[in-house]
>>> print(open('input_8.cif').read())   # mmCIF, C-alpha atoms and all ligand atoms
data_query
loop_
_atom_site.label_atom_id
_atom_site.label_comp_id
_atom_site.auth_asym_id
_atom_site.auth_seq_id
_atom_site.Cartn_x
_atom_site.Cartn_y
_atom_site.Cartn_z
CA MET A 1 0.00 0.00 0.00
CA ASN A 2 1.09 3.58 -0.68
CA ASN A 3 2.96 4.74 2.48
CA SER A 4 1.94 8.37 2.06
CA LEU A 5 -1.76 7.49 2.18
CA LYS A 6 -3.64 9.56 4.78
CA VAL A 7 -5.96 7.28 6.72
CA LYS A 8 -8.66 8.64 9.01
CA GLU A 9 -11.16 6.71 11.10
CA ILE A 10 -14.60 8.29 10.91
CA VAL A 11 -18.12 7.72 12.22
CA ALA A 12 -20.50 7.30 9.29
CA LYS A 13 -24.18 8.19 9.13
CA GLY A 14 -24.82 4.69 7.87
CA TYR A 15 -23.25 2.02 5.71
CA ILE A 16 -26.02 1.26 3.32
CA ASN A 17 -27.55 3.71 0.85
CA PRO A 18 -30.26 3.48 -1.81
CA SER A 19 -28.80 3.16 -5.30
CA LYS A 20 -29.78 4.24 -8.78
CA LEU A 21 -27.17 1.98 -10.37
CA PRO A 22 -28.70 -0.54 -12.79
CA GLY A 23 -29.37 -3.81 -11.00
CA SER A 24 -28.71 -2.43 -7.50
CA ASP A 25 -31.28 -1.38 -4.90
CA TYR A 26 -28.65 -0.48 -2.32
CA VAL A 27 -24.91 0.10 -2.21
CA ILE A 28 -22.46 -0.28 0.64
CA ASN A 29 -19.22 1.71 0.68
CA PRO A 30 -17.25 0.94 3.88
CA TYR A 31 -14.53 3.45 2.90
CA VAL A 32 -14.46 7.02 1.58
CA GLY A 33 -11.71 7.21 -1.01
CA CYS A 34 -9.75 4.34 -2.46
CA PRO A 35 -6.06 3.49 -2.10
CA HIS A 36 -5.96 1.58 -5.38
CA ARG A 37 -5.18 4.83 -7.21
CA CYS A 38 -6.40 3.78 -10.64
CA MET A 39 -5.37 6.37 -13.22
CA TYR A 40 -8.90 6.55 -14.66
CA CYS A 41 -10.79 6.31 -11.34
CA TYR A 42 -14.55 6.71 -11.79
CA ALA A 43 -15.17 7.56 -8.17
CA GLU A 44 -13.07 10.72 -8.18
CA PHE A 45 -16.22 12.90 -8.24
CA MET A 46 -16.77 11.74 -4.64
CA LYS A 47 -14.03 14.09 -3.51
CA ARG A 48 -16.61 16.91 -3.64
CA PHE A 49 -18.52 15.21 -0.83
CA SER A 50 -15.55 14.10 1.23
CA ASN A 51 -14.32 17.25 3.06
CA HIS A 52 -10.82 16.60 1.77
CA ASP A 53 -8.50 19.08 0.02
CA GLU A 54 -5.89 16.45 -0.83
CA PRO A 55 -5.82 14.85 -4.28
CA TRP A 56 -8.08 11.84 -4.78
CA GLY A 57 -6.17 8.62 -4.12
CA THR A 58 -4.03 10.16 -1.34
CA PHE A 59 -6.58 9.73 1.47
CA THR A 60 -9.05 7.14 2.67
CA ASP A 61 -11.57 7.49 5.46
CA VAL A 62 -12.46 4.30 7.27
CA LYS A 63 -16.07 4.11 8.48
CA ILE A 64 -15.31 2.37 11.75
CA ARG A 65 -18.74 3.04 13.24
CA SER A 66 -22.16 4.18 12.18
CA THR A 67 -24.55 6.49 14.03
CA SER A 68 -27.57 4.87 12.39
CA ASN A 69 -29.03 1.60 13.65
CA ARG A 70 -32.13 1.97 11.50
CA PRO A 71 -33.07 -1.52 10.30
CA ILE A 72 -33.68 -1.88 6.55
CA ASP A 73 -35.61 -4.82 5.14
CA LEU A 74 -33.25 -6.18 2.49
CA ALA A 75 -35.09 -9.40 1.68
CA GLY A 76 -34.96 -9.89 -2.09
CA LYS A 77 -33.10 -6.61 -2.61
CA ASN A 78 -29.93 -6.28 -4.69
CA VAL A 79 -27.05 -4.97 -2.62
CA PHE A 80 -23.81 -3.98 -4.32
CA LEU A 81 -20.33 -3.58 -2.77
CA SER A 82 -18.94 -1.13 -3.62
CA SER A 83 -19.82 1.74 -5.94
CA VAL A 84 -17.24 4.41 -5.04
CA THR A 85 -14.41 2.48 -3.44
CA ASP A 86 -13.00 -1.05 -3.58
CA CYS A 87 -14.39 -2.85 -0.53
CA TYR A 88 -11.30 -5.13 -0.58
CA ASN A 89 -8.72 -2.35 -0.78
CA PRO A 90 -5.55 -2.93 1.32
CA LEU A 91 -7.06 -1.23 4.41
CA GLU A 92 -9.66 -3.99 4.56
CA GLU A 93 -6.90 -6.34 5.66
CA LYS A 94 -6.61 -4.43 8.94
CA TYR A 95 -10.15 -3.15 9.47
CA ALA A 96 -12.22 -6.03 8.04
CA LEU A 97 -15.24 -3.73 7.67
CA THR A 98 -16.48 -5.51 4.57
CA ARG A 99 -16.23 -8.84 6.33
CA LYS A 100 -18.15 -7.56 9.37
CA LEU A 101 -20.87 -6.08 7.18
CA LEU A 102 -21.24 -9.32 5.24
CA GLU A 103 -21.53 -11.21 8.53
CA GLN A 104 -24.43 -8.92 9.41
CA LEU A 105 -26.08 -9.45 6.02
CA LYS A 106 -25.91 -13.24 6.17
CA TYR A 107 -29.56 -13.72 7.16
CA SER A 108 -31.00 -10.61 5.51
CA GLY A 109 -32.22 -12.37 2.37
CA ALA A 110 -30.39 -9.78 0.25
CA LYS A 111 -28.91 -10.69 -3.13
CA ILE A 112 -25.34 -9.57 -2.73
CA THR A 113 -22.95 -8.64 -5.52
CA ILE A 114 -19.30 -7.83 -4.87
CA LEU A 115 -16.91 -6.38 -7.44
CA THR A 116 -13.23 -5.96 -6.65
CA LYS A 117 -9.72 -5.68 -8.06
CA SER A 118 -8.17 -7.42 -5.08
CA VAL A 119 -7.14 -10.97 -4.27
CA LEU A 120 -7.91 -10.11 -0.62
CA VAL A 121 -11.48 -11.09 -1.48
CA LEU A 122 -10.42 -14.74 -0.99
CA ARG A 123 -10.04 -14.17 2.76
CA ASP A 124 -13.84 -14.11 3.08
CA ILE A 125 -14.76 -17.26 1.19
CA ASP A 126 -15.92 -18.79 4.47
CA VAL A 127 -18.48 -15.96 4.85
CA PHE A 128 -19.54 -16.11 1.19
CA LYS A 129 -20.38 -19.78 1.67
CA GLN A 130 -22.88 -18.82 4.36
CA ILE A 131 -24.73 -16.31 2.16
CA PRO A 132 -27.45 -17.96 0.05
CA ASP A 133 -27.36 -15.47 -2.86
CA ILE A 134 -23.97 -13.97 -3.57
CA THR A 135 -21.96 -13.27 -6.72
CA VAL A 136 -18.35 -12.15 -6.63
CA GLY A 137 -16.77 -10.44 -9.61
CA LEU A 138 -13.17 -9.61 -10.43
CA SER A 139 -12.60 -6.50 -12.46
CA MET A 140 -9.60 -6.37 -14.82
CA ASN A 141 -8.84 -5.34 -18.37
CA THR A 142 -5.54 -6.99 -19.32
CA THR A 143 -3.17 -9.89 -18.77
CA ASP A 144 -0.23 -7.52 -19.34
CA ASP A 145 0.92 -6.75 -15.81
CA SER A 146 3.30 -3.94 -16.77
CA PHE A 147 0.34 -2.07 -18.28
CA ARG A 148 -1.78 -2.99 -15.23
CA GLN A 149 0.88 -1.57 -12.93
CA GLU A 150 0.82 1.75 -14.72
CA ILE A 151 -2.94 2.22 -14.70
CA GLU A 152 -3.84 0.47 -11.41
CA PRO A 153 -0.62 0.71 -9.37
CA CYS A 154 -1.98 -0.43 -6.00
CA ALA A 155 -4.49 -3.11 -7.02
CA SER A 156 -3.72 -6.84 -7.28
CA SER A 157 -1.71 -8.10 -10.23
CA ALA A 158 -3.39 -9.63 -13.26
CA LEU A 159 -2.26 -13.10 -12.20
CA GLU A 160 -3.58 -12.63 -8.67
CA ARG A 161 -6.97 -11.61 -9.99
CA LEU A 162 -7.14 -14.65 -12.26
CA TYR A 163 -6.15 -16.77 -9.28
CA ALA A 164 -8.97 -15.20 -7.25
CA LEU A 165 -11.46 -16.03 -9.99
CA LYS A 166 -10.22 -19.62 -10.10
CA THR A 167 -10.32 -20.06 -6.31
CA LEU A 168 -13.84 -18.64 -6.06
CA ARG A 169 -15.03 -21.15 -8.63
CA GLU A 170 -13.24 -24.04 -6.91
CA ASN A 171 -15.08 -23.08 -3.73
CA GLY A 172 -18.47 -23.03 -5.42
CA ILE A 173 -18.91 -19.25 -5.27
CA HIS A 174 -20.79 -17.84 -8.24
CA ASN A 175 -18.29 -15.57 -9.99
CA TRP A 176 -17.82 -13.44 -13.09
CA LEU A 177 -15.18 -11.41 -14.84
CA HIS A 178 -15.86 -7.73 -15.43
CA VAL A 179 -13.55 -6.79 -18.29
CA ALA A 180 -13.12 -3.14 -17.49
CA PRO A 181 -12.26 -0.58 -18.38
CA VAL A 182 -11.45 -1.59 -21.94
CA PHE A 183 -8.66 0.79 -23.00
CA PRO A 184 -8.76 1.40 -26.78
CA TYR A 185 -5.99 -0.53 -28.56
CA LEU A 186 -4.31 -1.50 -25.25
CA SER A 187 -6.58 -3.92 -23.40
CA VAL A 188 -5.74 -7.39 -24.66
CA TRP A 189 -9.27 -8.64 -24.03
CA LYS A 190 -9.00 -11.79 -26.17
CA ALA A 191 -5.98 -13.05 -24.22
CA LEU A 192 -7.79 -12.19 -21.00
CA LEU A 193 -10.89 -14.13 -21.97
CA GLU A 194 -8.80 -17.13 -22.96
CA ALA A 195 -6.98 -17.00 -19.63
CA ALA A 196 -10.20 -16.63 -17.60
CA GLU A 197 -12.42 -19.01 -19.55
CA PRO A 198 -11.57 -22.07 -17.43
CA PHE A 199 -12.55 -20.20 -14.24
CA THR A 200 -15.82 -18.50 -15.13
CA ASP A 201 -18.47 -18.52 -17.81
CA ARG A 202 -19.84 -15.04 -17.37
CA PHE A 203 -18.25 -11.89 -18.74
CA THR A 204 -19.31 -8.26 -18.70
CA PHE A 205 -17.50 -5.50 -20.57
CA GLU A 206 -17.30 -1.79 -19.89
CA ASN A 207 -15.35 0.71 -21.95
CA LEU A 208 -12.99 3.38 -20.67
CA LYS A 209 -14.97 6.47 -19.82
CA LEU A 210 -12.99 9.61 -19.14
CA ARG A 211 -14.38 12.45 -17.10
CA ALA A 212 -13.14 16.00 -16.51
CA ALA A 213 -10.47 15.00 -13.99
CA SER A 214 -9.24 11.82 -15.65
CA LEU A 215 -9.33 12.92 -19.31
CA PRO A 216 -6.16 15.09 -19.30
CA ARG A 217 -4.35 12.61 -17.06
CA VAL A 218 -5.00 9.60 -19.29
CA LEU A 219 -4.40 11.49 -22.54
CA LEU A 220 -1.06 12.75 -21.19
CA TYR A 221 -0.12 9.16 -20.28
CA ILE A 222 -1.04 7.95 -23.78
CA THR A 223 0.90 10.81 -25.40
CA GLN A 224 4.02 10.04 -23.40
CA LYS A 225 3.87 6.27 -23.34
CA TYR A 226 2.07 5.39 -26.58
CA PRO A 227 2.55 8.40 -28.89
CA HIS A 228 1.35 6.38 -31.88
CA LEU A 229 -2.08 6.14 -30.20
CA LYS A 230 -2.40 9.83 -29.37
CA GLU A 231 -4.38 10.71 -32.47
CA LEU A 232 -6.67 7.68 -32.08
CA TYR A 233 -7.42 8.57 -28.44
CA GLU A 234 -8.05 12.18 -29.45
CA GLN A 235 -10.59 10.95 -32.00
CA ILE A 236 -12.43 8.93 -29.37
CA TYR A 237 -12.19 11.24 -26.38
CA ARG A 238 -11.95 14.73 -27.84
CA GLN A 239 -13.89 14.35 -31.10
CA ASN A 240 -16.27 11.77 -29.62
CA ASN A 241 -15.96 9.34 -32.50
CA ASN A 242 -17.70 6.12 -31.36
CA GLU A 243 -16.83 3.93 -34.34
CA TYR A 244 -14.05 2.15 -32.45
CA TRP A 245 -16.51 0.98 -29.75
CA ARG A 246 -19.02 -0.29 -32.32
CA VAL A 247 -16.37 -2.40 -34.03
CA ILE A 248 -15.00 -3.80 -30.76
CA ARG A 249 -18.50 -4.56 -29.47
CA LYS A 250 -19.15 -6.74 -32.55
CA GLU A 251 -15.79 -8.47 -32.19
CA ILE A 252 -16.40 -9.25 -28.53
CA LEU A 253 -19.89 -10.62 -29.12
CA ALA A 254 -18.73 -12.76 -32.07
CA PHE A 255 -15.80 -14.11 -30.05
CA CYS A 256 -17.99 -14.97 -27.05
CA ASN A 257 -20.75 -16.38 -29.21
CA GLU A 258 -18.32 -18.74 -30.90
CA ARG A 259 -17.10 -19.97 -27.51
CA LYS A 260 -20.60 -20.05 -25.98
CA LEU A 261 -19.63 -17.58 -23.26
CA SER A 262 -22.21 -15.37 -21.61
CA ALA A 263 -21.28 -11.79 -22.48
CA ALA A 264 -22.88 -8.43 -21.79
CA VAL A 265 -21.23 -5.43 -23.40
CA GLN A 266 -22.00 -2.20 -21.56
CA PHE A 267 -20.22 0.35 -23.73
CA ALA A 268 -21.18 3.96 -23.21
CA GLU A 269 -20.84 6.15 -26.29
CA ARG A 270 -19.80 9.78 -26.17
CA GLU A 271 -22.10 12.38 -27.64
CA PRO A 272 -20.81 13.29 -31.11
CA GLU A 273 -19.79 16.92 -31.63
CA SER A 274 -22.49 19.00 -33.33
S1 LIG B 301 -10.62 0.44 -7.52
FE1 LIG B 301 -12.33 1.70 -8.29
S2 LIG B 301 -12.64 3.25 -6.71
FE2 LIG B 301 -10.62 2.35 -6.37
S3 LIG B 301 -9.21 3.73 -7.43
FE3 LIG B 301 -9.73 2.03 -8.84
S4 LIG B 301 -11.48 2.80 -10.03
FE4 LIG B 301 -11.26 4.14 -8.23
#
>>> encode(input="input_8.cif", output="structure tokens", more="lines below")
Ligand code: SF4
Amino acid sequence: MNNSLKVKEIVAKGYINPSKLPGSDYVINPYVGCPHRCMYCYAEFMKRFSNHDEPWGTFTDVKIRSTSNRPIDLAGKNVFLSSVTDCYNPLEEKYALTRKLLEQLKYSGAKITILTKSVLVLRDIDVFKQIPDITVGLSMNTTDDSFRQEIEPCASSALERLYALKTLRENGIHNWLHVAPVFPYLSVWKALLEAAEPFTDRFTFENLKLRAASLPRVLLYITQKYPHLKELYEQIYRQNNNEYWRVIRKEILAFCNERKLSAAVQFAEREPES
């Protein structure tokens, strides 16, 4: 874990919040901030609500307690961990908040979905086995660990995530691979699917979406590291040309169809310039 990370223990108003995310009635975020420091982080907008001046990725608040004991009937509800942090980030090793929350949800009747970039998720297989309806996903976009290290410096390696997928399956935990975010021309998704195919049969795909804070950062990285892709990224992210995504979507679906893999492609397109 990054040694300069500022960690603060806080009392939260509650752990569980209603969600507008597709397929989720509630979300649980045991941490504010995320030490994984992904270059493209989608949760960076949360900084506005965090009372922090420091750059996103340099702090994490740990919700050690909650002031709310209000019971919520979760029977049959979809509960997602986590939407704006990784609930198995390295701090979870010490605080075990996710584990404690899952222990509390065991008899709630909730349908629980976990998505993580961390092999730490394997620590809680014993708890997963006690939850009747749980699905655990690993999120990754490449088998190339040098690329992974540059874009997700503090998350688990590509091999560790594949190992996590394999171990979940061996333990009878329903799993899936979230191939995300697909970086144009850089994510070797075919190699990833071939590597993961023995360990899961469900794949979802999400493309790289760049927002105000991450757009200049990622484009600078591409310019410096992959100058031959600069123009192509400019076309996608500055001129909002969606053709690349349409072609890749077809390729992914054809590839998965041929191998009889369950695939859902959730590619967002950028509004074309008028
Ligand atoms: S794991 Fe998710 S929340 Fe954490 S830094 Fe990466 S993208 Fe952001």
>>> residues_around(input="input_8.cif", residues="Glu92 of chain A", least_positions_apart="6", cutoff="12 Å", atoms="only C-alpha atoms", output="MDAnalysis selection string")
chainID A and resid 1 29:31 34:36 60:64 85:86 98:101 116 118:121 123:124
>>> residues_near_ligand(input="input_8.cif", ligand="ligand LIG 301 (chain B)", cutoff="9 Å", atoms="only C-alpha atoms and all ligand atoms", output="mmCIF file with C-alpha atoms, in the frame of the given file")
data_model
loop_
_atom_site.group_PDB
_atom_site.id
_atom_site.type_symbol
_atom_site.label_atom_id
_atom_site.label_comp_id
_atom_site.auth_asym_id
_atom_site.auth_seq_id
_atom_site.Cartn_x
_atom_site.Cartn_y
_atom_site.Cartn_z
ATOM 1 C CA GLY A 33 -11.710 7.210 -1.010
ATOM 2 C CA CYS A 34 -9.750 4.340 -2.460
ATOM 3 C CA PRO A 35 -6.060 3.490 -2.100
ATOM 4 C CA HIS A 36 -5.960 1.580 -5.380
ATOM 5 C CA ARG A 37 -5.180 4.830 -7.210
ATOM 6 C CA CYS A 38 -6.400 3.780 -10.640
ATOM 7 C CA MET A 39 -5.370 6.370 -13.220
ATOM 8 C CA TYR A 40 -8.900 6.550 -14.660
ATOM 9 C CA CYS A 41 -10.790 6.310 -11.340
ATOM 10 C CA TYR A 42 -14.550 6.710 -11.790
ATOM 11 C CA ALA A 43 -15.170 7.560 -8.170
ATOM 12 C CA GLU A 44 -13.070 10.720 -8.180
ATOM 13 C CA TRP A 56 -8.080 11.840 -4.780
ATOM 14 C CA GLY A 57 -6.170 8.620 -4.120
ATOM 15 C CA SER A 82 -18.940 -1.130 -3.620
ATOM 16 C CA SER A 83 -19.820 1.740 -5.940
ATOM 17 C CA VAL A 84 -17.240 4.410 -5.040
ATOM 18 C CA THR A 85 -14.410 2.480 -3.440
ATOM 19 C CA ASP A 86 -13.000 -1.050 -3.580
ATOM 20 C CA CYS A 87 -14.390 -2.850 -0.530
ATOM 21 C CA TYR A 88 -11.300 -5.130 -0.580
ATOM 22 C CA ASN A 89 -8.720 -2.350 -0.780
ATOM 23 C CA THR A 116 -13.230 -5.960 -6.650
ATOM 24 C CA LYS A 117 -9.720 -5.680 -8.060
ATOM 25 C CA SER A 118 -8.170 -7.420 -5.080
ATOM 26 C CA SER A 139 -12.600 -6.500 -12.460
ATOM 27 C CA ILE A 151 -2.940 2.220 -14.700
ATOM 28 C CA GLU A 152 -3.840 0.470 -11.410
ATOM 29 C CA CYS A 154 -1.980 -0.430 -6.000
ATOM 30 C CA ALA A 155 -4.490 -3.110 -7.020
#
>>> closest_residue(input="input_8.cif", among="A:Lys209, A:Lys8, A:Arg70, A:Arg202", to="Asn51 of chain A", atoms="only C-alpha atoms")
A:Lys8
>>> closest_residue(input="input_8.cif", among="A:Lys190, A:Arg161, A:Arg65, A:Arg238", to="Met140 of chain A", atoms="all atoms listed in the file")
A:Arg161
>>> closest_residue(input="input_8.cif", among="A:Phe45, A:Phe205, A:Tyr15, A:Tyr237", to="Arg270 of chain A", atoms="only C-alpha atoms")
A:Tyr237
>>> closest_residue(input="input_8.cif", among="A:Val32, A:Val27, A:Ala195, A:Val127", to="Ile10 of chain A", atoms="only C-alpha atoms")
A:Val32
>>> closest_residue(input="input_8.cif", among="A:Leu74, A:Ile248, A:Ile222, A:Ile114", to="Phe147 of chain A", atoms="only C-alpha atoms")
A:Ile222
>>> closest_residue(input="input_8.cif", among="A:Lys13, A:Lys6, A:Asn175, A:Pro198", to="Ser66 of chain A", atoms="only C-alpha atoms")
A:Lys13
>>> residues_around(input="input_8.cif", residues="Glu206 of chain A", least_positions_apart="4", cutoff="12 Å", atoms="only C-alpha atoms", output="list in words")
Ser139, Met140, Asn141, Leu177, His178, Val179, Ala180, Pro181, Val182, Phe183, Pro184, Ser187, Trp189, Trp245, Ile248, Arg249, Ile252, Ala263, Ala264, Val265, Gln266, Phe267, Ala268 and Glu269 of chain A
>>> residues_around(input="input_8.cif", residues="Ile112 of chain A", least_positions_apart="4", cutoff="7 Å", atoms="only C-alpha atoms", output="ChimeraX atom specification")
/A:78-80,133-135
>>> atom_distance(input="input_8.cif", atom1="atom CA of Gly76 of chain A", atom2="atom CA of Glu170 of chain A")
26.4 Å
>>> axis_aligned_box(input="input_8.cif", around="segment 189-203 of chain A", padding_each_side="3 Å", output="JSON")
{"center_x": -12.9, "center_y": -15.4, "center_z": -20.2, "size_x": 19.9, "size_y": 19.4, "size_z": 17.9}
>>> atom_distance(input="input_8.cif", atom1="atom CA of Asp144 of chain A", atom2="atom CA of Leu192 of chain A")
9.0 Å
>>> atom_distance(input="input_8.cif", atom1="atom CA of Ile131 of chain A", atom2="atom CA of His174 of chain A")
11.2 Å
>>> decode(input="input_8.cif", residues="segment 157-187 of chain A", atoms="N, CA and C atoms", output="PDB file, in the first residue's frame")
ATOM      1  N   SER A 157      -2.239  -7.842  -8.888  1.00  0.00           N
ATOM      2  CA  SER A 157      -1.706  -8.102 -10.226  1.00  0.00           C
ATOM      3  C   SER A 157      -2.738  -8.870 -11.057  1.00  0.00           C
ATOM      4  N   ALA A 158      -2.496  -8.895 -12.366  1.00  0.00           N
ATOM      5  CA  ALA A 158      -3.391  -9.629 -13.263  1.00  0.00           C
ATOM      6  C   ALA A 158      -3.450 -11.111 -12.872  1.00  0.00           C
ATOM      7  N   LEU A 159      -2.300 -11.676 -12.566  1.00  0.00           N
ATOM      8  CA  LEU A 159      -2.263 -13.104 -12.197  1.00  0.00           C
ATOM      9  C   LEU A 159      -3.030 -13.371 -10.908  1.00  0.00           C
ATOM     10  N   GLU A 160      -2.863 -12.457  -9.946  1.00  0.00           N
ATOM     11  CA  GLU A 160      -3.583 -12.634  -8.668  1.00  0.00           C
ATOM     12  C   GLU A 160      -5.088 -12.593  -8.881  1.00  0.00           C
ATOM     13  N   ARG A 161      -5.524 -11.713  -9.769  1.00  0.00           N
ATOM     14  CA  ARG A 161      -6.975 -11.609  -9.992  1.00  0.00           C
ATOM     15  C   ARG A 161      -7.510 -12.863 -10.691  1.00  0.00           C
ATOM     16  N   LEU A 162      -6.720 -13.397 -11.615  1.00  0.00           N
ATOM     17  CA  LEU A 162      -7.142 -14.647 -12.256  1.00  0.00           C
ATOM     18  C   LEU A 162      -7.176 -15.781 -11.230  1.00  0.00           C
ATOM     19  N   TYR A 163      -6.196 -15.762 -10.346  1.00  0.00           N
ATOM     20  CA  TYR A 163      -6.155 -16.772  -9.284  1.00  0.00           C
ATOM     21  C   TYR A 163      -7.396 -16.655  -8.377  1.00  0.00           C
ATOM     22  N   ALA A 164      -7.772 -15.415  -8.098  1.00  0.00           N
ATOM     23  CA  ALA A 164      -8.966 -15.196  -7.254  1.00  0.00           C
ATOM     24  C   ALA A 164     -10.203 -15.773  -7.943  1.00  0.00           C
ATOM     25  N   LEU A 165     -10.314 -15.516  -9.233  1.00  0.00           N
ATOM     26  CA  LEU A 165     -11.459 -16.033  -9.991  1.00  0.00           C
ATOM     27  C   LEU A 165     -11.509 -17.565  -9.919  1.00  0.00           C
ATOM     28  N   LYS A 166     -10.340 -18.151 -10.115  1.00  0.00           N
ATOM     29  CA  LYS A 166     -10.223 -19.619 -10.096  1.00  0.00           C
ATOM     30  C   LYS A 166     -10.605 -20.175  -8.717  1.00  0.00           C
ATOM     31  N   THR A 167     -10.095 -19.550  -7.669  1.00  0.00           N
ATOM     32  CA  THR A 167     -10.324 -20.056  -6.312  1.00  0.00           C
ATOM     33  C   THR A 167     -11.794 -19.907  -5.914  1.00  0.00           C
ATOM     34  N   LEU A 168     -12.409 -18.819  -6.342  1.00  0.00           N
ATOM     35  CA  LEU A 168     -13.844 -18.642  -6.061  1.00  0.00           C
ATOM     36  C   LEU A 168     -14.629 -19.782  -6.700  1.00  0.00           C
ATOM     37  N   ARG A 169     -14.306 -20.063  -7.947  1.00  0.00           N
ATOM     38  CA  ARG A 169     -15.026 -21.152  -8.632  1.00  0.00           C
ATOM     39  C   ARG A 169     -14.785 -22.486  -7.924  1.00  0.00           C
ATOM     40  N   GLU A 170     -13.545 -22.762  -7.575  1.00  0.00           N
ATOM     41  CA  GLU A 170     -13.236 -24.041  -6.911  1.00  0.00           C
ATOM     42  C   GLU A 170     -14.003 -24.189  -5.598  1.00  0.00           C
ATOM     43  N   ASN A 171     -14.356 -23.046  -4.994  1.00  0.00           N
ATOM     44  CA  ASN A 171     -15.082 -23.081  -3.730  1.00  0.00           C
ATOM     45  C   ASN A 171     -16.595 -22.954  -3.913  1.00  0.00           C
ATOM     46  N   GLY A 172     -17.026 -23.034  -5.160  1.00  0.00           N
ATOM     47  CA  GLY A 172     -18.467 -23.034  -5.421  1.00  0.00           C
ATOM     48  C   GLY A 172     -19.122 -21.666  -5.301  1.00  0.00           C
ATOM     49  N   ILE A 173     -18.334 -20.606  -5.339  1.00  0.00           N
ATOM     50  CA  ILE A 173     -18.910 -19.253  -5.268  1.00  0.00           C
ATOM     51  C   ILE A 173     -19.192 -18.779  -6.688  1.00  0.00           C
ATOM     52  N   HIS A 174     -20.414 -18.325  -6.912  1.00  0.00           N
ATOM     53  CA  HIS A 174     -20.792 -17.836  -8.237  1.00  0.00           C
ATOM     54  C   HIS A 174     -19.942 -16.605  -8.574  1.00  0.00           C
ATOM     55  N   ASN A 175     -19.232 -16.663  -9.693  1.00  0.00           N
ATOM     56  CA  ASN A 175     -18.295 -15.572  -9.986  1.00  0.00           C
ATOM     57  C   ASN A 175     -18.506 -15.041 -11.397  1.00  0.00           C
ATOM     58  N   TRP A 176     -17.857 -13.912 -11.697  1.00  0.00           N
ATOM     59  CA  TRP A 176     -17.818 -13.440 -13.086  1.00  0.00           C
ATOM     60  C   TRP A 176     -16.630 -12.525 -13.274  1.00  0.00           C
ATOM     61  N   LEU A 177     -16.280 -12.322 -14.526  1.00  0.00           N
ATOM     62  CA  LEU A 177     -15.179 -11.414 -14.841  1.00  0.00           C
ATOM     63  C   LEU A 177     -15.748 -10.154 -15.489  1.00  0.00           C
ATOM     64  N   HIS A 178     -15.454  -9.028 -14.864  1.00  0.00           N
ATOM     65  CA  HIS A 178     -15.857  -7.734 -15.427  1.00  0.00           C
ATOM     66  C   HIS A 178     -14.641  -7.193 -16.172  1.00  0.00           C
ATOM     67  N   VAL A 179     -14.687  -7.248 -17.483  1.00  0.00           N
ATOM     68  CA  VAL A 179     -13.553  -6.794 -18.295  1.00  0.00           C
ATOM     69  C   VAL A 179     -13.676  -5.278 -18.423  1.00  0.00           C
ATOM     70  N   ALA A 180     -12.924  -4.585 -17.568  1.00  0.00           N
ATOM     71  CA  ALA A 180     -13.122  -3.137 -17.492  1.00  0.00           C
ATOM     72  C   ALA A 180     -11.935  -2.465 -16.812  1.00  0.00           C
ATOM     73  N   PRO A 181     -11.708  -1.215 -17.200  1.00  0.00           N
ATOM     74  CA  PRO A 181     -12.263  -0.578 -18.380  1.00  0.00           C
ATOM     75  C   PRO A 181     -11.459  -0.979 -19.608  1.00  0.00           C
ATOM     76  N   VAL A 182     -12.157  -1.253 -20.699  1.00  0.00           N
ATOM     77  CA  VAL A 182     -11.448  -1.587 -21.935  1.00  0.00           C
ATOM     78  C   VAL A 182     -10.775  -0.314 -22.463  1.00  0.00           C
ATOM     79  N   PHE A 183      -9.439  -0.330 -22.457  1.00  0.00           N
ATOM     80  CA  PHE A 183      -8.656   0.790 -22.998  1.00  0.00           C
ATOM     81  C   PHE A 183      -8.510   0.582 -24.510  1.00  0.00           C
ATOM     82  N   PRO A 184      -8.893   1.571 -25.327  1.00  0.00           N
ATOM     83  CA  PRO A 184      -8.761   1.401 -26.779  1.00  0.00           C
ATOM     84  C   PRO A 184      -7.339   1.005 -27.174  1.00  0.00           C
ATOM     85  N   TYR A 185      -7.249  -0.044 -27.965  1.00  0.00           N
ATOM     86  CA  TYR A 185      -5.988  -0.534 -28.558  1.00  0.00           C
ATOM     87  C   TYR A 185      -4.998  -1.109 -27.534  1.00  0.00           C
ATOM     88  N   LEU A 186      -5.283  -1.056 -26.261  1.00  0.00           N
ATOM     89  CA  LEU A 186      -4.314  -1.505 -25.246  1.00  0.00           C
ATOM     90  C   LEU A 186      -4.793  -2.700 -24.423  1.00  0.00           C
ATOM     91  N   SER A 187      -6.094  -2.796 -24.201  1.00  0.00           N
ATOM     92  CA  SER A 187      -6.581  -3.924 -23.396  1.00  0.00           C
ATOM     93  C   SER A 187      -6.606  -5.185 -24.252  1.00  0.00           C
TER      94      SER A 187
END
